[in-house]
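Next up, target.cif (mmCIF, C-alpha atoms):
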```cif
data_coords
loop_
_atom_site.label_atom_id
_atom_site.label_comp_id
_atom_site.auth_asym_id
_atom_site.auth_seq_id
_atom_site.Cartn_x
_atom_site.Cartn_y
_atom_site.Cartn_z
CA MET A 1 -4.51 50.62 116.80
CA LEU A 2 -5.00 54.27 117.70
CA LYS A 3 -2.31 54.04 120.42
CA ARG A 4 0.13 52.51 117.94
CA PHE A 5 -0.59 55.27 115.42
CA LEU A 6 -0.03 57.96 118.02
CA PHE A 7 3.21 56.30 119.16
CA TYR A 8 4.68 56.22 115.64
CA SER A 9 3.48 59.76 114.93
CA ILE A 10 5.26 61.07 118.03
CA LEU A 11 8.40 59.07 117.11
CA ILE A 12 8.50 60.49 113.56
CA PHE A 13 7.86 64.04 114.80
CA THR A 14 10.62 63.73 117.39
CA ALA A 15 13.11 62.42 114.86
CA PHE A 16 12.25 65.21 112.41
CA ALA A 17 12.58 67.86 115.13
CA CYS A 18 15.98 66.51 116.18
CA SER A 19 17.10 66.44 112.56
CA LYS A 20 16.16 70.10 112.12
CA ASP A 21 17.98 71.06 115.31
CA ASP A 22 21.10 69.23 114.13
CA ASP A 23 20.99 71.05 110.78
CA ASN A 24 20.77 74.41 112.52
CA SER A 25 23.54 73.76 115.06
CA THR A 26 26.45 75.43 113.25
CA THR A 27 29.77 76.81 114.44
CA ASN A 28 30.23 80.56 114.53
CA TYR A 29 33.47 81.36 112.68
CA SER A 30 33.68 85.02 113.66
CA LYS A 31 36.38 84.06 116.17
CA GLY A 32 39.30 81.69 115.97
CA THR A 33 42.60 81.22 114.20
CA PHE A 34 42.78 80.90 110.43
CA ILE A 35 45.70 79.57 108.37
CA VAL A 36 45.73 80.75 104.77
CA ASN A 37 47.25 78.07 102.52
CA GLU A 38 48.42 79.01 99.03
CA GLY A 39 47.80 75.65 97.38
CA LEU A 40 49.88 74.16 94.58
CA PHE A 41 51.35 76.91 92.43
CA GLY A 42 49.52 77.31 89.11
CA SER A 43 47.32 74.23 89.42
CA GLY A 44 45.89 73.85 92.92
CA THR A 45 43.44 75.82 94.98
CA GLY A 46 44.09 77.79 98.11
CA THR A 47 42.44 76.64 101.32
CA ILE A 48 41.68 77.98 104.77
CA THR A 49 42.52 75.85 107.82
CA TYR A 50 40.42 76.80 110.86
CA LEU A 51 41.67 76.17 114.40
CA SER A 52 39.45 76.38 117.46
CA ASP A 53 38.93 74.76 120.84
CA ALA A 54 36.04 72.79 119.34
CA GLY A 55 38.29 71.22 116.71
CA ASN A 56 40.07 71.96 113.44
CA VAL A 57 38.70 72.18 109.91
CA GLU A 58 41.25 71.49 107.17
CA ASP A 59 39.40 73.23 104.31
CA LEU A 60 36.81 75.56 105.84
CA TYR A 61 35.86 77.36 102.63
CA ALA A 62 35.08 74.13 100.76
CA GLN A 63 33.18 72.75 103.75
CA GLN A 64 30.95 75.80 104.03
CA ASN A 65 30.54 76.40 100.28
CA GLU A 66 29.70 73.13 98.56
CA GLY A 67 30.98 72.98 95.00
CA ARG A 68 33.15 76.09 95.30
CA VAL A 69 36.93 76.40 95.44
CA LEU A 70 38.81 79.40 96.76
CA GLY A 71 41.23 79.69 93.83
CA ASN A 72 44.98 79.83 93.28
CA ILE A 73 46.97 81.26 95.22
CA ALA A 74 45.40 82.25 98.57
CA GLN A 75 47.55 85.02 100.02
CA SER A 76 46.03 86.69 103.10
CA MET A 77 42.77 87.59 104.83
CA ILE A 78 41.20 90.13 107.16
CA LYS A 79 37.89 90.68 108.98
CA PHE A 80 35.99 93.88 108.28
CA ASP A 81 32.32 94.72 108.91
CA ASN A 82 31.63 91.12 110.04
CA LYS A 83 32.94 89.77 106.76
CA TYR A 84 36.20 88.06 105.85
CA PHE A 85 38.02 89.38 102.80
CA ILE A 86 40.43 86.81 101.32
CA ALA A 87 43.06 87.83 98.76
CA VAL A 88 43.51 85.15 96.09
CA ASN A 89 46.58 86.14 94.14
CA ASN A 90 46.82 84.12 90.92
CA ALA A 91 43.04 83.98 90.54
CA SER A 92 43.03 87.82 90.59
CA LYS A 93 40.15 88.22 93.00
CA ILE A 94 39.16 88.96 96.57
CA VAL A 95 36.65 86.47 97.95
CA ILE A 96 34.21 87.76 100.59
CA VAL A 97 32.49 85.48 103.09
CA ASN A 98 30.16 86.07 106.01
CA ALA A 99 32.18 85.97 109.24
CA ASN A 100 29.57 83.96 111.16
CA ASP A 101 29.09 81.01 108.80
CA PHE A 102 31.94 81.52 106.27
CA LYS A 103 29.44 81.41 103.39
CA HIS A 104 30.42 83.03 100.10
CA ILE A 105 28.69 86.39 99.57
CA GLY A 106 30.71 88.07 96.84
CA GLU A 107 33.94 88.68 94.94
CA ILE A 108 36.02 91.60 93.75
CA LYS A 109 38.04 91.29 90.55
CA ILE A 110 41.52 92.73 91.01
CA ASP A 111 44.89 91.77 89.51
CA LEU A 112 47.17 89.90 91.93
CA PRO A 113 45.93 91.09 95.37
CA ARG A 114 48.38 90.78 98.25
CA TYR A 115 47.79 92.17 101.78
CA PHE A 116 45.14 94.18 103.64
CA ALA A 117 45.10 97.08 106.08
CA VAL A 118 42.29 98.84 107.94
CA SER A 119 42.05 102.46 109.05
CA GLY A 120 38.75 103.43 110.67
CA ASN A 121 36.00 102.73 108.14
CA LYS A 122 38.42 102.23 105.27
CA LEU A 123 39.76 98.91 103.98
CA TYR A 124 42.82 98.77 101.73
CA VAL A 125 44.60 96.05 99.78
CA THR A 126 47.89 96.07 97.91
CA SER A 127 48.09 94.51 94.46
CA TRP A 128 50.46 93.98 91.55
CA THR A 129 50.06 94.51 87.84
CA SER A 130 49.77 91.32 85.79
CA ASP A 131 53.19 91.92 84.21
CA PHE A 132 54.81 92.27 87.69
CA SER A 133 56.18 95.71 86.81
CA SER A 134 54.43 97.79 89.46
CA GLY A 135 51.60 97.79 91.95
CA PHE A 136 48.76 99.68 93.62
CA ILE A 137 47.37 100.63 97.00
CA ASN A 138 43.63 100.09 96.55
CA LEU A 139 40.73 101.49 98.56
CA ILE A 140 37.91 98.92 98.66
CA ASN A 141 34.25 99.85 98.56
CA THR A 142 32.99 97.33 101.11
CA LYS A 143 29.31 98.05 100.35
CA ASP A 144 29.15 97.16 96.67
CA PHE A 145 32.34 95.03 96.58
CA SER A 146 34.35 97.10 94.14
CA ILE A 147 37.64 98.98 93.99
CA GLN A 148 36.88 102.60 94.81
CA LYS A 149 40.33 103.97 94.05
CA SER A 150 43.68 102.55 92.91
CA THR A 151 46.84 104.55 93.56
CA PRO A 152 49.79 103.38 91.43
CA ILE A 153 53.13 102.55 93.04
CA GLN A 154 56.32 102.07 91.04
CA GLY A 155 57.24 98.69 92.50
CA LEU A 156 55.61 95.56 93.89
CA VAL A 157 53.94 97.05 96.93
CA GLU A 158 53.46 94.51 99.72
CA ASN A 159 52.77 94.72 103.45
CA MET A 160 51.21 97.72 105.16
CA ALA A 161 51.15 99.22 108.66
CA VAL A 162 48.82 102.01 109.78
CA VAL A 163 49.99 104.79 112.12
CA ASP A 164 47.73 107.79 112.73
CA GLN A 165 46.42 108.86 109.32
CA ASN A 166 49.13 107.18 107.27
CA ILE A 167 49.68 103.83 105.64
CA TYR A 168 53.32 102.78 105.42
CA ALA A 169 53.85 100.16 102.72
CA THR A 170 56.88 98.08 101.81
CA VAL A 171 57.95 97.68 98.20
CA SER A 172 59.40 94.36 97.10
CA ALA A 173 61.25 95.85 94.21
CA SER A 174 63.87 94.97 91.65
CA ALA A 175 67.24 96.69 91.84
CA TRP A 176 66.32 98.96 88.90
CA ASP A 177 62.90 100.05 90.23
CA GLN A 178 62.21 103.60 91.39
CA TYR A 179 61.50 102.52 94.99
CA ASN A 180 64.17 99.83 95.28
CA HIS A 181 65.10 100.84 98.83
CA HIS A 182 62.05 102.66 100.13
CA VAL A 183 58.86 102.53 102.15
CA ILE A 184 55.86 104.41 100.78
CA ARG A 185 53.91 106.80 103.01
CA TYR A 186 50.30 106.98 101.87
CA ASP A 187 48.05 109.77 103.19
CA ILE A 188 44.74 108.19 104.27
CA GLN A 189 42.79 111.45 104.47
CA ASN A 190 43.61 112.41 100.88
CA ASP A 191 44.13 108.87 99.56
CA ASN A 192 47.38 109.61 97.79
CA VAL A 193 51.12 108.95 98.07
CA ALA A 194 52.72 111.54 100.33
CA GLU A 195 56.37 110.53 100.13
CA ALA A 196 58.93 107.73 99.88
CA ILE A 197 61.15 107.02 102.88
CA GLU A 198 64.63 105.59 102.31
CA VAL A 199 65.43 102.30 104.03
CA GLY A 200 67.43 99.26 102.88
CA ASP A 201 67.25 97.27 99.66
CA ASN A 202 64.03 95.39 98.93
CA SER A 203 61.75 96.11 101.91
CA ASN A 204 59.38 93.21 102.57
CA SER A 205 57.58 93.56 105.91
CA ILE A 206 56.68 96.27 108.41
CA VAL A 207 55.21 96.60 111.91
CA ALA A 208 54.41 99.44 114.33
CA ASP A 209 55.82 99.34 117.87
CA LYS A 210 54.48 100.56 121.24
CA ASN A 211 55.88 104.04 120.62
CA GLY A 212 54.21 104.48 117.24
CA ASP A 213 57.54 104.01 115.48
CA LEU A 214 57.89 101.60 112.57
CA TRP A 215 60.25 98.73 111.99
CA VAL A 216 61.01 97.63 108.45
CA LEU A 217 62.71 94.42 107.38
CA CYS A 218 64.61 94.53 104.09
CA SER A 219 65.80 91.32 102.47
CA GLY A 220 68.40 92.82 100.13
CA PHE A 221 68.78 91.96 96.46
CA PHE A 222 70.04 88.56 95.37
CA ASP A 223 72.09 88.34 92.18
CA TRP A 224 71.45 84.90 90.66
CA ASN A 225 74.15 85.39 88.04
CA ASP A 226 76.79 86.34 90.60
CA PRO A 227 75.77 85.86 94.26
CA ALA A 228 78.83 87.85 95.31
CA ASN A 229 77.03 90.95 94.04
CA SER A 230 74.02 90.36 96.31
CA THR A 231 73.26 93.16 98.78
CA GLN A 232 72.76 92.87 102.52
CA GLY A 233 69.46 92.68 104.32
CA SER A 234 68.70 95.21 107.03
CA LEU A 235 66.35 96.20 109.83
CA HIS A 236 65.29 99.86 110.06
CA LYS A 237 63.49 101.94 112.65
CA ILE A 238 61.40 104.77 111.21
CA SER A 239 60.52 107.71 113.44
CA GLY A 240 59.31 111.09 112.23
CA ASN A 241 59.07 109.66 108.69
CA LYS A 242 62.76 108.91 108.39
CA SER A 243 65.05 106.00 109.19
CA VAL A 244 66.73 106.85 112.50
CA PHE A 245 68.38 103.52 113.29
CA ASN A 246 69.33 100.43 111.32
CA ILE A 247 71.38 97.26 111.55
CA SER A 248 72.81 95.16 108.74
CA LEU A 249 71.52 91.60 108.35
CA SER A 250 72.12 88.67 106.05
CA ASN A 251 70.61 88.65 102.58
CA GLY A 252 67.21 86.93 102.55
CA VAL A 253 65.71 87.89 105.92
CA SER A 254 61.90 87.93 105.84
CA LYS A 255 58.51 87.81 107.61
CA LEU A 256 58.76 90.44 110.33
CA ALA A 257 56.25 90.16 113.21
CA ILE A 258 55.83 91.83 116.61
CA ASN A 259 54.64 90.64 120.02
CA ASN A 260 51.57 91.77 121.98
CA LYS A 261 53.47 94.40 124.01
CA LYS A 262 54.91 95.64 120.73
CA ASP A 263 58.46 95.68 122.04
CA ALA A 264 59.93 92.45 120.58
CA LEU A 265 60.39 91.65 116.90
CA TYR A 266 60.59 88.23 115.24
CA TYR A 267 61.75 87.32 111.77
CA LEU A 268 63.12 84.41 109.73
CA PHE A 269 66.51 83.77 108.19
CA SER A 270 67.61 80.45 106.70
CA ASP A 271 66.92 77.83 109.41
CA GLN A 272 66.69 80.37 112.25
CA VAL A 273 63.83 82.11 114.04
CA LEU A 274 65.30 85.36 115.39
CA SER A 275 64.14 87.90 117.97
CA TYR A 276 65.13 91.55 118.45
CA ASP A 277 64.36 93.78 121.44
CA ILE A 278 63.34 97.27 120.26
CA ASN A 279 64.58 98.82 123.52
CA THR A 280 68.20 97.98 122.73
CA THR A 281 70.62 99.35 120.19
CA SER A 282 72.24 95.98 119.68
CA THR A 283 73.46 95.14 116.21
CA THR A 284 72.64 91.45 116.57
CA ALA A 285 69.42 89.51 117.03
CA LYS A 286 68.87 86.47 119.26
CA GLU A 287 68.14 83.05 117.85
CA VAL A 288 65.11 81.60 119.68
CA PHE A 289 64.34 78.52 117.57
CA THR A 290 65.78 76.47 114.74
CA GLY A 291 64.01 75.08 111.71
CA LEU A 292 63.12 75.87 108.11
CA TYR A 293 59.87 77.84 108.07
CA TYR A 294 57.95 79.59 105.33
CA SER A 295 56.22 82.16 107.49
CA LEU A 296 55.49 83.14 111.09
CA ALA A 297 53.04 85.07 113.24
CA VAL A 298 52.59 86.02 116.90
CA ASN A 299 49.31 85.33 118.69
CA PRO A 300 48.22 88.76 119.97
CA THR A 301 46.55 87.33 123.09
CA ASN A 302 49.34 85.16 124.54
CA ASP A 303 52.52 85.91 122.52
CA HIS A 304 52.80 82.32 121.30
CA LEU A 305 54.79 81.97 118.09
CA TYR A 306 53.07 80.34 115.13
CA LEU A 307 55.60 78.83 112.70
CA LEU A 308 54.42 77.66 109.29
CA ASN A 309 56.28 74.82 107.58
CA ALA A 310 55.61 74.39 103.86
CA LYS A 311 57.63 71.14 103.79
CA ASP A 312 58.20 70.18 100.12
CA TYR A 313 55.57 72.62 98.74
CA THR A 314 53.47 69.75 97.35
CA GLN A 315 52.11 68.01 100.45
CA ASN A 316 50.12 69.37 103.37
CA GLY A 317 52.13 71.73 105.56
CA GLU A 318 52.35 72.01 109.32
CA LEU A 319 51.87 74.63 112.01
CA SER A 320 54.05 74.53 115.13
CA ILE A 321 53.00 76.62 118.14
CA LEU A 322 55.69 77.77 120.58
CA ASN A 323 55.03 79.17 124.05
CA THR A 324 56.86 82.16 125.51
CA GLU A 325 59.75 79.85 126.52
CA TYR A 326 60.00 78.83 122.84
CA LYS A 327 58.91 75.26 123.52
CA VAL A 328 56.60 73.51 121.06
CA THR A 329 53.20 73.09 122.71
CA ALA A 330 51.17 71.92 119.71
CA THR A 331 51.39 71.02 116.03
CA HIS A 332 48.57 71.06 113.48
CA LYS A 333 48.25 69.88 109.90
CA THR A 334 47.56 72.67 107.43
CA GLY A 335 46.83 72.85 103.74
CA ILE A 336 49.47 72.99 101.03
CA ILE A 337 51.97 75.86 101.50
CA PRO A 338 50.68 77.62 104.61
CA THR A 339 51.59 81.27 104.23
CA PHE A 340 49.55 83.53 106.52
CA VAL A 341 47.98 83.38 109.99
CA TYR A 342 44.95 85.49 110.91
CA PHE A 343 43.75 85.77 114.49
CA SER A 344 40.09 86.77 114.76
CA ASN A 345 39.19 87.66 118.36
#
```
Re-express the file's structure as structure tokens.
Amino acid sequence: MLKRFLFYSILIFTAFACSKDDDNSTTNYSKGTFIVNEGLFGSGTGTITYLSDAGNVEDLYAQQNEGRVLGNIAQSMIKFDNKYFIAVNNASKIVIVNANDFKHIGEIKIDLPRYFAVSGNKLYVTSWTSDFSSGFINLINTKDFSIQKSTPIQGLVENMAVVDQNIYATVSASAWDQYNHHVIRYDIQNDNVAEAIEVGDNSNSIVADKNGDLWVLCSGFFDWNDPANSTQGSLHKISGNKSVFNISLSNGVSKLAINNKKDALYYLFSDQVLSYDINTTSTTAKEVFTGLYYSLAVNPTNDHLYLLNAKDYTQNGELSILNTEYKVTATHKTGIIPTFVYFSN
């Protein structure tokens, strides 16, 4: 009887110990590739798709935060101080999670947040006013999760690139806005707007190259009443805080990205994925792939292109990964309306 009791006691203890070990064996999410999915406009919730060698997670935030939803519309994310900051546009908040376990640790209320940038120990986010008339470059207090300073911009300020002690920000403006064909230079040391640099109509994305120069993609203005009055898109090189070179492009170009060597640009137009070599003065770009995509990114470790397909904007989207020969090497299911790729290495 005593032997039987000891046998069952050991069996129960072993099972309990294994159960505890299983509960504690969690994935560390501080590294990997994250797809930010907007979710259904106005009614759905944004999601985060996580890709790793160990396997994919379709809705990481919901998995790691039972009973919580991210909110509508998820826009972008960044890692700072071992935390992920996620801009959730329509929900007017930034959600903060621990980078290791992706558990919710806080939120910042802010109208219509858009995109992040980091300079040293400072974290910034662009945002829009609720009436879509103007925007802000916001300095985030990452200790108490608040907005430390908001600098107003006359236009819908969007993507940012940091060079030296300056933030250069695009302005997705209307034709009648003050900065309808400009990039804003923001002084990081003084946290104020230093100047506006003239580029093309309706700047939308910006990257820094290997020389410390900037490249700005401008989509042009589209006139819905009379498309003949629409203005051209353009690509501009900024050096010494002025546009020193530009080429004219079709109206509607978007989503500028740069490779790991920072000498090749990629962007989208219609059903084309286009590439431009910064070392040339060519007035044309090279088509490298065909397909209708909502957004793109370049993996900074291997230069693989990540193309996001929103499909019909109501069903799950898809990620296609292209190698350096522009051949599809993998596809992955994403959430609804995949819009942004973040590589955490």
Calculated over all atoms listed in the file, which of the candidates A:Tyr50, A:Phe116, A:Tyr313, A:Tyr29 has the smallest distance to Val97 in chain A? A:Tyr29
Starting from the PyMOL selection byres ((chain A and resi 30) around 7), expand the selection into actual residues of this file and give them as a PDB file with C-alpha atoms, in the coordinates of the input.
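Generated output (selection_32.pdb):
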```pdb
ATOM      1  CA  ASN A  28      30.230  80.560 114.530  1.00  0.00           C
ATOM      2  CA  TYR A  29      33.470  81.360 112.680  1.00  0.00           C
ATOM      3  CA  LYS A  31      36.380  84.060 116.170  1.00  0.00           C
ATOM      4  CA  GLY A  32      39.300  81.690 115.970  1.00  0.00           C
ATOM      5  CA  ALA A  99      32.180  85.970 109.240  1.00  0.00           C
ATOM      6  CA  ASN A 100      29.570  83.960 111.160  1.00  0.00           C
ATOM      7  CA  SER A 344      40.090  86.770 114.760  1.00  0.00           C
TER       8      SER A 344
END
```
From the options A:Asp164, A:Asp201, A:Glu158, A:Asp277, which residue's atoms come nearest to Gly220 in chain A, counting all atoms listed in the file?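 Distance minimum relative to Gly220 in chain A lands on A:Asp201.
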Residue neighbourhood Met77 in chain A, 12 Å, all atoms listed in the file, exclusion window fewer than 3 positions, as a ChimeraX atom specification: /A:33-38,46-48,74,80,83-89,94-97,99,113-118,123-125,339-344
Pull out every residue that the PyMOL selection byres ((chain A and resi 147) around 10) matches in the shown coordinates and put them as a list in words. Ile108, Lys109, Ile110, Tyr124, Val125, Asn138, Leu139, Ile140, Asn141, Thr142, Asp144, Phe145, Ser146, Gln148, Lys149 and Ser150 of chain A
I'd like to know which of A:Ile105, A:Leu156, A:Ala161, A:Leu256 is closest to Phe132 in chain A, using only C-alpha atoms. A:Leu156
The distance between CA of Asn246 in chain A and CA of Ser234 in chain A is 6.8 Å
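Distances from A:Ser203, A:Thr126, A:Asn345, A:Gln315 to Ile167 in chain A were compared using all atoms listed in the file, and the smallest one belongs to A:Thr126.
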I need the residue set behind the PyMOL selection byres ((chain A and resi 294-298) around 8) for this file; please write it as a VMD selection string. chain A and resid 255 257 to 260 267 to 268 292 to 293 299 to 300 303 to 310 338 to 341
(62.4, 101.3, 111.3) in this file's frame - what residues fall within 6 Å of it? Use only C-alpha atoms and give the answer as an NGL selection string. :A and (214-216 or 236-238 or 243)
Could you tell me how far CA of Leu235 in chain A sits from CA of Ser219 in chain A, in Å to one decimal place?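 About the pair CA of Ser219 in chain A and CA of Leu235 in chain A: they are 8.8 Å apart.
One distance worth recording is that between CA of His332 in chain A and CA of Phe41 in chain A, which is 22.0 Å.
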Using only C-alpha atoms, which residue out of A:Ile206, A:Val162, A:Leu60, A:Ile78 lies closest to Val183 in chain A? A:Ile206
